[in-house]
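coords12.cif, holding mmCIF, C-alpha atoms and all ligand atoms:
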data_target
#
loop_
_atom_site.label_atom_id
_atom_site.label_comp_id
_atom_site.auth_asym_id
_atom_site.auth_seq_id
_atom_site.Cartn_x
_atom_site.Cartn_y
_atom_site.Cartn_z
CA MET A 1 0.84 11.10 10.93
CA ARG A 2 0.82 10.14 7.28
CA VAL A 3 0.91 6.59 5.94
CA ARG A 4 1.97 5.43 2.48
CA GLN A 5 1.38 1.78 1.60
CA LEU A 6 3.98 0.20 -0.70
CA PHE A 7 3.85 -3.18 -2.40
CA ASP A 8 6.37 -5.80 -3.49
CA SER A 9 4.71 -8.01 -6.08
CA GLY A 10 7.36 -10.73 -5.88
CA SER A 11 6.47 -11.60 -2.27
CA SER A 12 3.06 -9.89 -2.00
CA THR A 13 4.53 -7.88 0.87
CA TYR A 14 3.30 -4.50 2.02
CA SER A 15 5.78 -2.03 3.41
CA TYR A 16 4.60 1.17 5.06
CA LEU A 17 6.21 4.56 5.12
CA VAL A 18 4.93 6.45 8.16
CA TRP A 19 5.87 10.03 8.92
CA ASP A 20 5.20 12.95 11.19
CA ILE A 21 3.87 15.85 9.16
CA ASP A 22 5.55 18.58 11.21
CA SER A 23 9.06 17.21 11.68
CA ARG A 24 9.02 15.11 8.49
CA GLU A 25 10.71 12.31 10.41
CA ALA A 26 9.78 8.93 8.96
CA ALA A 27 9.88 5.20 9.67
CA LEU A 28 9.62 2.42 7.12
CA ILE A 29 7.91 -0.77 8.29
CA ASP A 30 9.02 -4.08 6.75
CA PRO A 31 11.16 -2.85 3.84
CA VAL A 32 11.86 -5.36 1.06
CA GLN A 33 15.39 -5.55 -0.32
CA GLU A 34 14.36 -5.51 -3.98
CA GLN A 35 12.45 -2.29 -3.33
CA ALA A 36 15.13 -0.47 -1.35
CA GLY A 37 15.92 1.84 -4.27
CA ARG A 38 12.25 2.70 -4.75
CA ASP A 39 11.83 3.33 -1.05
CA ALA A 40 14.93 5.52 -0.73
CA GLY A 41 13.77 7.51 -3.75
CA LEU A 42 10.34 8.06 -2.24
CA VAL A 43 11.83 9.22 1.05
CA ARG A 44 13.95 11.78 -0.82
CA GLU A 45 11.11 12.84 -3.09
CA LEU A 46 8.85 13.57 -0.14
CA GLY A 47 11.56 15.49 1.68
CA LEU A 48 11.55 13.10 4.63
CA THR A 49 14.28 11.97 7.00
CA LEU A 50 14.20 8.20 7.36
CA LYS A 51 14.93 7.77 11.06
CA TYR A 52 14.07 4.08 11.38
CA THR A 53 13.30 0.86 9.64
CA LEU A 54 11.08 -1.44 11.70
CA GLU A 55 10.71 -5.19 11.29
CA THR A 56 7.45 -6.73 12.46
CA HIS A 57 9.37 -10.02 12.66
CA VAL A 58 12.23 -11.99 11.10
CA HIS A 59 10.70 -12.75 7.73
CA GLY A 60 10.85 -16.11 6.01
CA ASP A 61 9.47 -15.11 2.63
CA HIS A 62 11.52 -12.09 1.63
CA VAL A 63 14.80 -10.42 2.50
CA THR A 64 14.67 -7.11 4.32
CA GLY A 65 15.95 -3.89 2.81
CA SER A 66 16.89 -2.49 6.23
CA GLY A 67 20.66 -2.90 5.83
CA TYR A 68 20.76 -1.17 2.46
CA LEU A 69 18.53 1.66 3.64
CA ARG A 70 20.74 2.15 6.71
CA GLU A 71 23.74 2.53 4.44
CA ALA A 72 21.97 4.88 2.06
CA LEU A 73 19.99 7.00 4.50
CA ASN A 74 21.61 6.40 7.90
CA SER A 75 18.39 4.94 9.35
CA ILE A 76 18.28 2.95 12.59
CA VAL A 77 17.31 -0.73 12.30
CA ILE A 78 14.78 -1.87 14.91
CA ALA A 79 13.51 -5.38 15.67
CA HIS A 80 12.09 -7.28 18.65
CA GLU A 81 14.54 -8.56 21.24
CA ASN A 82 13.57 -12.20 20.59
CA SER A 83 14.82 -11.90 17.03
CA ARG A 84 18.41 -12.00 18.30
CA THR A 85 19.25 -9.99 15.22
CA LYS A 86 22.81 -8.92 15.81
CA CYS A 87 22.68 -6.44 12.95
CA ALA A 88 19.84 -4.42 14.51
CA ASP A 89 20.74 -1.12 16.14
CA VAL A 90 17.91 -1.29 18.67
CA LEU A 91 16.00 -4.28 20.05
CA VAL A 92 12.57 -3.45 21.46
CA ARG A 93 9.99 -5.12 23.67
CA ASP A 94 6.28 -4.80 24.45
CA GLY A 95 5.30 -1.30 25.53
CA ASP A 96 8.30 0.47 24.00
CA PHE A 97 7.69 3.33 21.60
CA ILE A 98 9.58 4.96 18.77
CA PRO A 99 9.44 8.76 18.57
CA LEU A 100 8.75 10.51 15.29
CA GLY A 101 8.83 14.26 15.99
CA HIS A 102 6.15 14.75 18.64
CA GLN A 103 4.37 11.56 17.57
CA ARG A 104 5.16 7.97 18.45
CA ILE A 105 4.87 4.47 17.08
CA ASN A 106 3.98 1.98 19.82
CA ILE A 107 5.31 -1.58 20.04
CA LEU A 108 2.80 -4.35 20.75
CA PHE A 109 4.36 -7.78 21.25
CA THR A 110 2.20 -10.27 19.33
CA PRO A 111 3.88 -13.70 19.19
CA GLY A 112 2.31 -16.49 17.17
CA HIS A 113 3.49 -16.25 13.57
CA THR A 114 6.97 -16.16 15.11
CA ASN A 115 8.19 -15.66 18.67
CA ASN A 116 9.63 -12.26 17.73
CA HIS A 117 6.53 -10.73 16.13
CA VAL A 118 5.33 -7.23 16.93
CA CYS A 119 2.48 -5.09 15.71
CA LEU A 120 2.94 -1.34 15.52
CA THR A 121 0.26 1.17 16.41
CA ILE A 122 -0.28 4.84 15.65
CA PRO A 123 -3.43 6.81 16.42
CA GLY A 124 -6.30 5.16 14.52
CA ALA A 125 -4.28 2.41 12.83
CA ILE A 126 -2.29 -0.76 13.42
CA PHE A 127 0.33 -2.43 11.25
CA THR A 128 -0.25 -6.12 11.83
CA GLY A 129 2.65 -7.79 9.99
CA ASP A 130 1.87 -11.49 9.73
CA SER A 131 -0.44 -11.69 12.72
CA LEU A 132 -3.89 -10.50 11.58
CA LEU A 133 -4.36 -10.47 7.81
CA ILE A 134 -7.45 -9.45 5.87
CA GLY A 135 -9.80 -12.43 6.16
CA SER A 136 -7.09 -14.70 7.58
CA CYS A 137 -3.94 -14.63 9.68
CA GLY A 138 -0.27 -15.47 9.28
CA ARG A 139 0.81 -19.10 9.26
CA THR A 140 2.17 -20.62 12.46
CA ASP A 141 3.67 -23.86 11.16
CA HIS A 142 7.31 -23.00 10.66
CA HIS A 143 10.17 -21.10 12.27
CA SER A 144 9.05 -20.28 15.82
CA GLY A 145 5.30 -20.28 15.15
CA ASP A 146 2.69 -21.11 17.79
CA PRO A 147 -1.04 -21.32 16.91
CA GLY A 148 -2.24 -20.75 20.49
CA ALA A 149 -0.05 -17.68 20.85
CA GLN A 150 -1.32 -16.37 17.50
CA TYR A 151 -4.92 -16.75 18.67
CA ASP A 152 -4.22 -15.06 22.00
CA SER A 153 -2.28 -12.18 20.46
CA ILE A 154 -5.00 -11.43 17.92
CA THR A 155 -8.11 -11.95 20.06
CA GLU A 156 -6.78 -10.46 23.29
CA LYS A 157 -4.56 -7.62 22.07
CA LEU A 158 -5.69 -6.66 18.56
CA PHE A 159 -9.42 -7.20 19.01
CA ALA A 160 -9.26 -5.03 22.16
CA LEU A 161 -8.56 -2.01 19.94
CA PRO A 162 -11.46 0.24 18.81
CA ASP A 163 -13.49 -1.31 15.98
CA ASP A 164 -12.72 1.54 13.60
CA THR A 165 -8.93 1.06 13.92
CA LEU A 166 -7.48 0.66 10.44
CA VAL A 167 -5.69 -2.66 9.87
CA TYR A 168 -2.67 -2.50 7.58
CA PRO A 169 -1.44 -6.09 7.01
CA GLY A 170 2.04 -7.30 6.09
CA HIS A 171 0.75 -9.26 3.12
CA ASP A 172 -2.29 -9.77 0.98
CA TYR A 173 -2.65 -12.27 -1.81
CA HIS A 174 -6.05 -11.15 -3.11
CA GLY A 175 -5.52 -7.47 -3.91
CA LYS A 176 -6.98 -6.14 -0.67
CA THR A 177 -5.12 -3.30 0.98
CA CYS A 178 -6.70 -2.36 4.28
CA SER A 179 -9.40 -3.38 6.73
CA THR A 180 -10.58 -2.50 10.25
CA ILE A 181 -10.52 -4.32 13.56
CA GLY A 182 -14.34 -4.37 13.59
CA GLU A 183 -14.53 -5.94 10.13
CA GLU A 184 -12.01 -8.63 11.03
CA LYS A 185 -13.76 -9.45 14.30
CA THR A 186 -17.03 -9.86 12.42
CA TYR A 187 -16.06 -11.35 9.07
CA ASN A 188 -12.65 -13.02 9.37
CA PRO A 189 -13.50 -16.70 8.77
CA GLN A 190 -10.25 -17.99 10.24
CA ILE A 191 -9.94 -16.04 13.46
CA GLY A 192 -13.02 -13.81 13.84
CA ALA A 193 -14.67 -13.39 17.22
CA HIS A 194 -16.92 -16.39 16.51
CA VAL A 195 -13.95 -18.82 16.26
CA SER A 196 -12.96 -20.57 19.51
CA ARG A 197 -9.32 -21.04 20.50
CA GLN A 198 -9.58 -24.81 20.18
CA ALA A 199 -11.28 -24.64 16.79
CA PHE A 200 -8.61 -22.26 15.53
CA ILE A 201 -5.74 -24.45 16.72
CA GLU A 202 -7.33 -27.58 15.23
CA ALA A 203 -8.01 -25.86 11.92
CA VAL A 204 -4.55 -24.39 11.41
CA SER A 205 -2.83 -27.56 12.63
CA SER A 206 -4.60 -29.54 9.91
CA ILE A 207 -3.39 -27.26 7.11
CA LYS A 208 -0.37 -28.63 5.28
CA LEU A 209 1.54 -25.91 3.46
CA ASP A 210 4.82 -25.94 1.59
CA PRO A 211 7.53 -23.90 3.30
CA PRO A 212 7.96 -20.37 1.91
CA GLN A 213 10.04 -20.62 -1.26
CA ARG A 214 12.82 -18.37 0.01
CA LEU A 215 12.83 -19.60 3.63
CA LEU A 216 16.36 -21.02 3.70
CA GLU A 217 17.76 -17.91 2.05
CA ALA A 218 15.63 -15.35 3.87
CA LEU A 219 16.06 -16.34 7.52
CA PRO A 220 19.86 -16.10 7.70
CA ALA A 221 19.91 -13.07 5.39
CA ASN A 222 17.42 -11.24 7.60
CA LEU A 223 19.58 -11.88 10.65
CA ARG A 224 22.22 -9.86 8.73
CA CYS A 225 19.69 -7.13 7.86
CA GLY A 226 19.83 -8.39 4.29
CA MET A 227 23.51 -7.65 3.85
CA PRO A 228 26.05 -10.06 2.29
CA ILE A 229 27.88 -12.44 4.66
CA HIS A 230 31.26 -10.79 4.30
CA HIS A 231 29.95 -7.27 4.07
CA ALA A 232 32.71 -4.91 5.18
CA GLY A 233 30.48 -2.03 6.08
CA HIS A 234 31.25 0.14 3.07
CA THR A 235 28.50 2.13 1.47
CA THR A 236 26.35 0.25 -1.03
CA ALA A 237 24.83 2.39 -3.71
CA ILE A 238 21.09 2.24 -4.21
CA SER A 239 19.10 4.77 -6.11
FE FE B 1 6.26 -13.70 7.94
#

Once you've parsed the file, please lay out its structure as structure tokens.
Amino acid sequence: MRVRQLFDSGSSTYSYLVWDIDSREAALIDPVQEQAGRDAGLVRELGLTLKYTLETHVHGDHVTGSGYLREALNSIVIAHENSRTKCADVLVRDGDFIPLGHQRINILFTPGHTNNHVCLTIPGAIFTGDSLLIGSCGRTDHHSGDPGAQYDSITEKLFALPDDTLVYPGHDYHGKTCSTIGEEKTYNPQIGAHVSRQAFIEAVSSIKLDPPQRLLEALPANLRCGMPIHHAGHTTAIS
């Protein structure tokens, strides 16, 4: 499996193009609408077939590019069943997997940031969306967030993975790109192995943050896969 990390500077979002080397079948994790042209171009340039776009959750800080990529490249839109995203082609749950040639991407249900959050695993790596971030974790104070669930998902499911598992987060605001489960268990000041459940819940509950700037726009747009309200289903050109 190959992984290409992609960045959207407007929302500090990482998207990930993952593909099977033999079949050249690919999946794009958390595409950003403003980068849909870039992403489609990269897929073509690398000679890949974009089989799927995968959402780690219904985002509140950016609008997904999944609808535009589906129109351009005929990809299948996948999200967790709790998202109730009517525009998705496939709704998945914990333990499901997505085939890419002879490889697979595994679905790990990790509620906390939202109630529809999943992490995605491939051999040796995990895409953590807005659950575990480098040196922190995703906020749990809006939408369907739950601090206790976030703690349980990260400490019980993610920290159970081998220490050398690469951690690819959904965002980073400090220029960091990648970490490992072992490093986060040891050094993450917010939710490392030394932080108790109660201490975590108290700490995050005391943080007062402004809502994401694009929250009111992004949530309904993402339930339409980023497409306009009265979209008639005709092909939208991106390049
Ligand atoms: Fe998020």

Can you tell me which residues sit at most 12 Å away from ligand FE 1 (chain B), counting all atoms listed in the file, written as an mmCIF file with C-alpha atoms, keeping the file's coordinate frame?
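What follows is the written file part_12.cif:
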data_model
loop_
_atom_site.group_PDB
_atom_site.id
_atom_site.type_symbol
_atom_site.label_atom_id
_atom_site.label_comp_id
_atom_site.auth_asym_id
_atom_site.auth_seq_id
_atom_site.Cartn_x
_atom_site.Cartn_y
_atom_site.Cartn_z
ATOM 1 C CA SER A 11 6.470 -11.600 -2.270
ATOM 2 C CA SER A 12 3.060 -9.890 -2.000
ATOM 3 C CA THR A 13 4.530 -7.880 0.870
ATOM 4 C CA TYR A 14 3.300 -4.500 2.020
ATOM 5 C CA ASP A 30 9.020 -4.080 6.750
ATOM 6 C CA GLU A 55 10.710 -5.190 11.290
ATOM 7 C CA THR A 56 7.450 -6.730 12.460
ATOM 8 C CA HIS A 57 9.370 -10.020 12.660
ATOM 9 C CA VAL A 58 12.230 -11.990 11.100
ATOM 10 C CA HIS A 59 10.700 -12.750 7.730
ATOM 11 C CA GLY A 60 10.850 -16.110 6.010
ATOM 12 C CA ASP A 61 9.470 -15.110 2.630
ATOM 13 C CA HIS A 62 11.520 -12.090 1.630
ATOM 14 C CA VAL A 63 14.800 -10.420 2.500
ATOM 15 C CA THR A 64 14.670 -7.110 4.320
ATOM 16 C CA PRO A 111 3.880 -13.700 19.190
ATOM 17 C CA GLY A 112 2.310 -16.490 17.170
ATOM 18 C CA HIS A 113 3.490 -16.250 13.570
ATOM 19 C CA THR A 114 6.970 -16.160 15.110
ATOM 20 C CA ASN A 115 8.190 -15.660 18.670
ATOM 21 C CA ASN A 116 9.630 -12.260 17.730
ATOM 22 C CA HIS A 117 6.530 -10.730 16.130
ATOM 23 C CA VAL A 118 5.330 -7.230 16.930
ATOM 24 C CA THR A 128 -0.250 -6.120 11.830
ATOM 25 C CA GLY A 129 2.650 -7.790 9.990
ATOM 26 C CA ASP A 130 1.870 -11.490 9.730
ATOM 27 C CA SER A 131 -0.440 -11.690 12.720
ATOM 28 C CA LEU A 132 -3.890 -10.500 11.580
ATOM 29 C CA LEU A 133 -4.360 -10.470 7.810
ATOM 30 C CA CYS A 137 -3.940 -14.630 9.680
ATOM 31 C CA GLY A 138 -0.270 -15.470 9.280
ATOM 32 C CA ARG A 139 0.810 -19.100 9.260
ATOM 33 C CA THR A 140 2.170 -20.620 12.460
ATOM 34 C CA ASP A 141 3.670 -23.860 11.160
ATOM 35 C CA HIS A 142 7.310 -23.000 10.660
ATOM 36 C CA HIS A 143 10.170 -21.100 12.270
ATOM 37 C CA SER A 144 9.050 -20.280 15.820
ATOM 38 C CA GLY A 145 5.300 -20.280 15.150
ATOM 39 C CA PRO A 169 -1.440 -6.090 7.010
ATOM 40 C CA GLY A 170 2.040 -7.300 6.090
ATOM 41 C CA HIS A 171 0.750 -9.260 3.120
ATOM 42 C CA ASP A 172 -2.290 -9.770 0.980
ATOM 43 C CA PRO A 211 7.530 -23.900 3.300
ATOM 44 C CA PRO A 212 7.960 -20.370 1.910
ATOM 45 C CA ARG A 214 12.820 -18.370 0.010
ATOM 46 C CA LEU A 215 12.830 -19.600 3.630
ATOM 47 C CA ALA A 218 15.630 -15.350 3.870
ATOM 48 C CA LEU A 219 16.060 -16.340 7.520
ATOM 49 C CA ASN A 222 17.420 -11.240 7.600
#

Write out as a PyMOL selection string the residues lying within 8 Å of Thr165 of chain A, counting all atoms listed in the file and excluding same-chain residues fewer than 6 positions away.
-> chain A and resi 124-126+180-182

Would you kindly identify which residues have an atom no farther than 8 Å from (2.3, 0.6, 20.8), using all atoms listed in the file and the file's own coordinates, and write them out as JSON, numbers by chain?
-> {"A": [94, 95, 96, 97, 105, 106, 107, 108, 119, 120, 121, 122]}

In Å, with one decimal, what is the gap from atom CA of Asp22 of chain A to atom CA of Val77 of chain A?
->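 The value is 22.6 Å.
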
Identify which of the residues A:Thr155, A:Thr49, A:Gln103, A:Gln150 lies closest to Asn74 of chain A, counting only C-alpha atoms when measuring atom-to-atom distances.
->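 Smallest distance to Asn74 of chain A is found for A:Thr49.
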
Interatomic distance (Å, one decimal) between atom CA of Ala72 of chain A and atom CA of Leu100 of chain A = 19.5 Å

Separation of atom CA of Leu17 of chain A and atom CA of Phe159 of chain A, in Å?
-> 24.0 Å

From A:Asp146, A:Glu25, A:Glu217, A:Asp210, residue lying nearest Pro99 of chain A [all atoms listed in the file] =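 Distance minimum relative to Pro99 of chain A lands on A:Glu25.
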
Using all atoms listed in the file, which of the listed residues (A:Ile134, A:Ala26, A:Leu6, A:Ile154) sits closest to Ala193 of chain A?
->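 Closest to Ala193 of chain A, using all atoms listed in the file: A:Ile154.
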
Give the answer as one residue: which of A:Arg197, A:Lys176, A:Arg93, A:Arg70 has the shortest atom-to-atom distance to Gly226 of chain A, using only C-alpha atoms?
->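 Once distances to Gly226 of chain A are computed over only C-alpha atoms, the minimum belongs to A:Arg70.
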
Exercise on segment 104-122 of chain A, axis-aligned box with 6 Å per side, report centre and edge lengths in Å to one decimal, as lines of an AutoDock Vina configuration file:
center_x = 4.7
center_y = -4.3
center_z = 17.4
size_x = 21.9
size_y = 36.5
size_z = 19.7

Quick one: of A:Tyr187, A:Phe7, A:Tyr52, A:Phe200, who's nearest to Ile98 of chain A, counting only C-alpha atoms?
->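 Closest candidate: A:Tyr52.
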
Pick from A:Gly135, A:Pro228, A:Gly175, A:Pro162, whichever lies nearest to Gly65 of chain A using only C-alpha atoms |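 Checking each candidate against Gly65 of chain A, we get A:Pro228 as the closest.
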
Dump segment 128-159 of chain A with N, CA and C atoms to a file, as a PDB file, in the first residue's frame.
ATOM      1  N   THR A 128      -6.289   8.838  11.677  1.00  0.00           N
ATOM      2  CA  THR A 128      -7.032   9.054  12.922  1.00  0.00           C
ATOM      3  C   THR A 128      -8.056  10.175  12.849  1.00  0.00           C
ATOM      4  N   GLY A 129      -8.230  10.819  11.699  1.00  0.00           N
ATOM      5  CA  GLY A 129      -9.245  11.871  11.601  1.00  0.00           C
ATOM      6  C   GLY A 129      -9.083  12.890  12.718  1.00  0.00           C
ATOM      7  N   ASP A 130     -10.172  13.173  13.411  1.00  0.00           N
ATOM      8  CA  ASP A 130     -10.125  14.120  14.530  1.00  0.00           C
ATOM      9  C   ASP A 130     -10.275  13.403  15.859  1.00  0.00           C
ATOM     10  N   SER A 131      -9.790  12.158  15.936  1.00  0.00           N
ATOM     11  CA  SER A 131      -9.697  11.522  17.253  1.00  0.00           C
ATOM     12  C   SER A 131      -8.317  11.866  17.796  1.00  0.00           C
ATOM     13  N   LEU A 132      -7.325  11.035  17.576  1.00  0.00           N
ATOM     14  CA  LEU A 132      -5.969  11.313  18.052  1.00  0.00           C
ATOM     15  C   LEU A 132      -5.246  12.233  17.076  1.00  0.00           C
ATOM     16  N   LEU A 133      -4.780  13.369  17.587  1.00  0.00           N
ATOM     17  CA  LEU A 133      -3.944  14.280  16.808  1.00  0.00           C
ATOM     18  C   LEU A 133      -2.527  14.235  17.377  1.00  0.00           C
ATOM     19  N   ILE A 134      -1.595  14.880  16.706  1.00  0.00           N
ATOM     20  CA  ILE A 134      -0.213  14.863  17.198  1.00  0.00           C
ATOM     21  C   ILE A 134      -0.117  15.810  18.392  1.00  0.00           C
ATOM     22  N   GLY A 135       0.086  15.245  19.565  1.00  0.00           N
ATOM     23  CA  GLY A 135       0.211  16.048  20.789  1.00  0.00           C
ATOM     24  C   GLY A 135      -1.109  16.552  21.338  1.00  0.00           C
ATOM     25  N   SER A 136      -2.218  16.126  20.788  1.00  0.00           N
ATOM     26  CA  SER A 136      -3.533  16.556  21.297  1.00  0.00           C
ATOM     27  C   SER A 136      -4.586  15.589  20.763  1.00  0.00           C
ATOM     28  N   CYS A 137      -5.844  16.019  20.797  1.00  0.00           N
ATOM     29  CA  CYS A 137      -6.897  15.223  20.176  1.00  0.00           C
ATOM     30  C   CYS A 137      -7.988  16.178  19.711  1.00  0.00           C
ATOM     31  N   GLY A 138      -8.918  15.666  18.930  1.00  0.00           N
ATOM     32  CA  GLY A 138      -9.983  16.496  18.387  1.00  0.00           C
ATOM     33  C   GLY A 138     -10.918  16.988  19.477  1.00  0.00           C
ATOM     34  N   ARG A 139     -11.480  18.160  19.266  1.00  0.00           N
ATOM     35  CA  ARG A 139     -12.402  18.749  20.242  1.00  0.00           C
ATOM     36  C   ARG A 139     -13.683  17.914  20.341  1.00  0.00           C
ATOM     37  N   THR A 140     -14.333  18.035  21.499  1.00  0.00           N
ATOM     38  CA  THR A 140     -15.531  17.215  21.746  1.00  0.00           C
ATOM     39  C   THR A 140     -16.694  18.073  22.232  1.00  0.00           C
ATOM     40  N   ASP A 141     -16.604  19.390  21.946  1.00  0.00           N
ATOM     41  CA  ASP A 141     -17.554  20.320  22.566  1.00  0.00           C
ATOM     42  C   ASP A 141     -18.644  20.803  21.626  1.00  0.00           C
ATOM     43  N   HIS A 142     -18.753  20.251  20.457  1.00  0.00           N
ATOM     44  CA  HIS A 142     -19.837  20.690  19.576  1.00  0.00           C
ATOM     45  C   HIS A 142     -20.318  19.504  18.761  1.00  0.00           C
ATOM     46  N   HIS A 143     -21.411  19.726  18.022  1.00  0.00           N
ATOM     47  CA  HIS A 143     -21.956  18.666  17.184  1.00  0.00           C
ATOM     48  C   HIS A 143     -22.369  17.509  18.100  1.00  0.00           C
ATOM     49  N   SER A 144     -21.893  16.319  17.861  1.00  0.00           N
ATOM     50  CA  SER A 144     -22.263  15.182  18.698  1.00  0.00           C
ATOM     51  C   SER A 144     -21.063  14.678  19.501  1.00  0.00           C
ATOM     52  N   GLY A 145     -20.230  15.592  19.967  1.00  0.00           N
ATOM     53  CA  GLY A 145     -19.020  15.242  20.700  1.00  0.00           C
ATOM     54  C   GLY A 145     -19.295  14.694  22.089  1.00  0.00           C
ATOM     55  N   ASP A 146     -18.339  13.882  22.575  1.00  0.00           N
ATOM     56  CA  ASP A 146     -18.476  13.256  23.888  1.00  0.00           C
ATOM     57  C   ASP A 146     -17.071  12.988  24.434  1.00  0.00           C
ATOM     58  N   PRO A 147     -16.620  13.767  25.442  1.00  0.00           N
ATOM     59  CA  PRO A 147     -15.247  13.609  25.941  1.00  0.00           C
ATOM     60  C   PRO A 147     -14.936  12.202  26.437  1.00  0.00           C
ATOM     61  N   GLY A 148     -15.869  11.590  27.169  1.00  0.00           N
ATOM     62  CA  GLY A 148     -15.618  10.241  27.687  1.00  0.00           C
ATOM     63  C   GLY A 148     -15.441   9.235  26.565  1.00  0.00           C
ATOM     64  N   ALA A 149     -16.277   9.360  25.540  1.00  0.00           N
ATOM     65  CA  ALA A 149     -16.160   8.455  24.390  1.00  0.00           C
ATOM     66  C   ALA A 149     -14.838   8.684  23.664  1.00  0.00           C
ATOM     67  N   GLN A 150     -14.418   9.952  23.556  1.00  0.00           N
ATOM     68  CA  GLN A 150     -13.132  10.248  22.919  1.00  0.00           C
ATOM     69  C   GLN A 150     -11.984   9.563  23.681  1.00  0.00           C
ATOM     70  N   TYR A 151     -12.011   9.688  24.989  1.00  0.00           N
ATOM     71  CA  TYR A 151     -10.967   9.061  25.812  1.00  0.00           C
ATOM     72  C   TYR A 151     -10.965   7.547  25.611  1.00  0.00           C
ATOM     73  N   ASP A 152     -12.156   6.949  25.669  1.00  0.00           N
ATOM     74  CA  ASP A 152     -12.239   5.491  25.550  1.00  0.00           C
ATOM     75  C   ASP A 152     -11.788   5.022  24.164  1.00  0.00           C
ATOM     76  N   SER A 153     -12.215   5.723  23.139  1.00  0.00           N
ATOM     77  CA  SER A 153     -11.830   5.322  21.775  1.00  0.00           C
ATOM     78  C   SER A 153     -10.304   5.360  21.612  1.00  0.00           C
ATOM     79  N   ILE A 154      -9.702   6.435  22.091  1.00  0.00           N
ATOM     80  CA  ILE A 154      -8.255   6.592  21.885  1.00  0.00           C
ATOM     81  C   ILE A 154      -7.459   5.638  22.771  1.00  0.00           C
ATOM     82  N   THR A 155      -7.804   5.571  24.051  1.00  0.00           N
ATOM     83  CA  THR A 155      -6.972   4.769  24.970  1.00  0.00           C
ATOM     84  C   THR A 155      -7.233   3.273  24.837  1.00  0.00           C
ATOM     85  N   GLU A 156      -8.467   2.906  24.482  1.00  0.00           N
ATOM     86  CA  GLU A 156      -8.769   1.470  24.424  1.00  0.00           C
ATOM     87  C   GLU A 156      -8.568   0.891  23.025  1.00  0.00           C
ATOM     88  N   LYS A 157      -8.869   1.648  22.002  1.00  0.00           N
ATOM     89  CA  LYS A 157      -8.758   1.102  20.642  1.00  0.00           C
ATOM     90  C   LYS A 157      -7.441   1.495  19.964  1.00  0.00           C
ATOM     91  N   LEU A 158      -7.117   2.800  19.989  1.00  0.00           N
ATOM     92  CA  LEU A 158      -5.917   3.237  19.264  1.00  0.00           C
ATOM     93  C   LEU A 158      -4.642   2.856  20.006  1.00  0.00           C
ATOM     94  N   PHE A 159      -4.628   3.031  21.308  1.00  0.00           N
ATOM     95  CA  PHE A 159      -3.409   2.706  22.057  1.00  0.00           C
ATOM     96  C   PHE A 159      -3.186   1.200  22.182  1.00  0.00           C
TER      97      PHE A 159
END
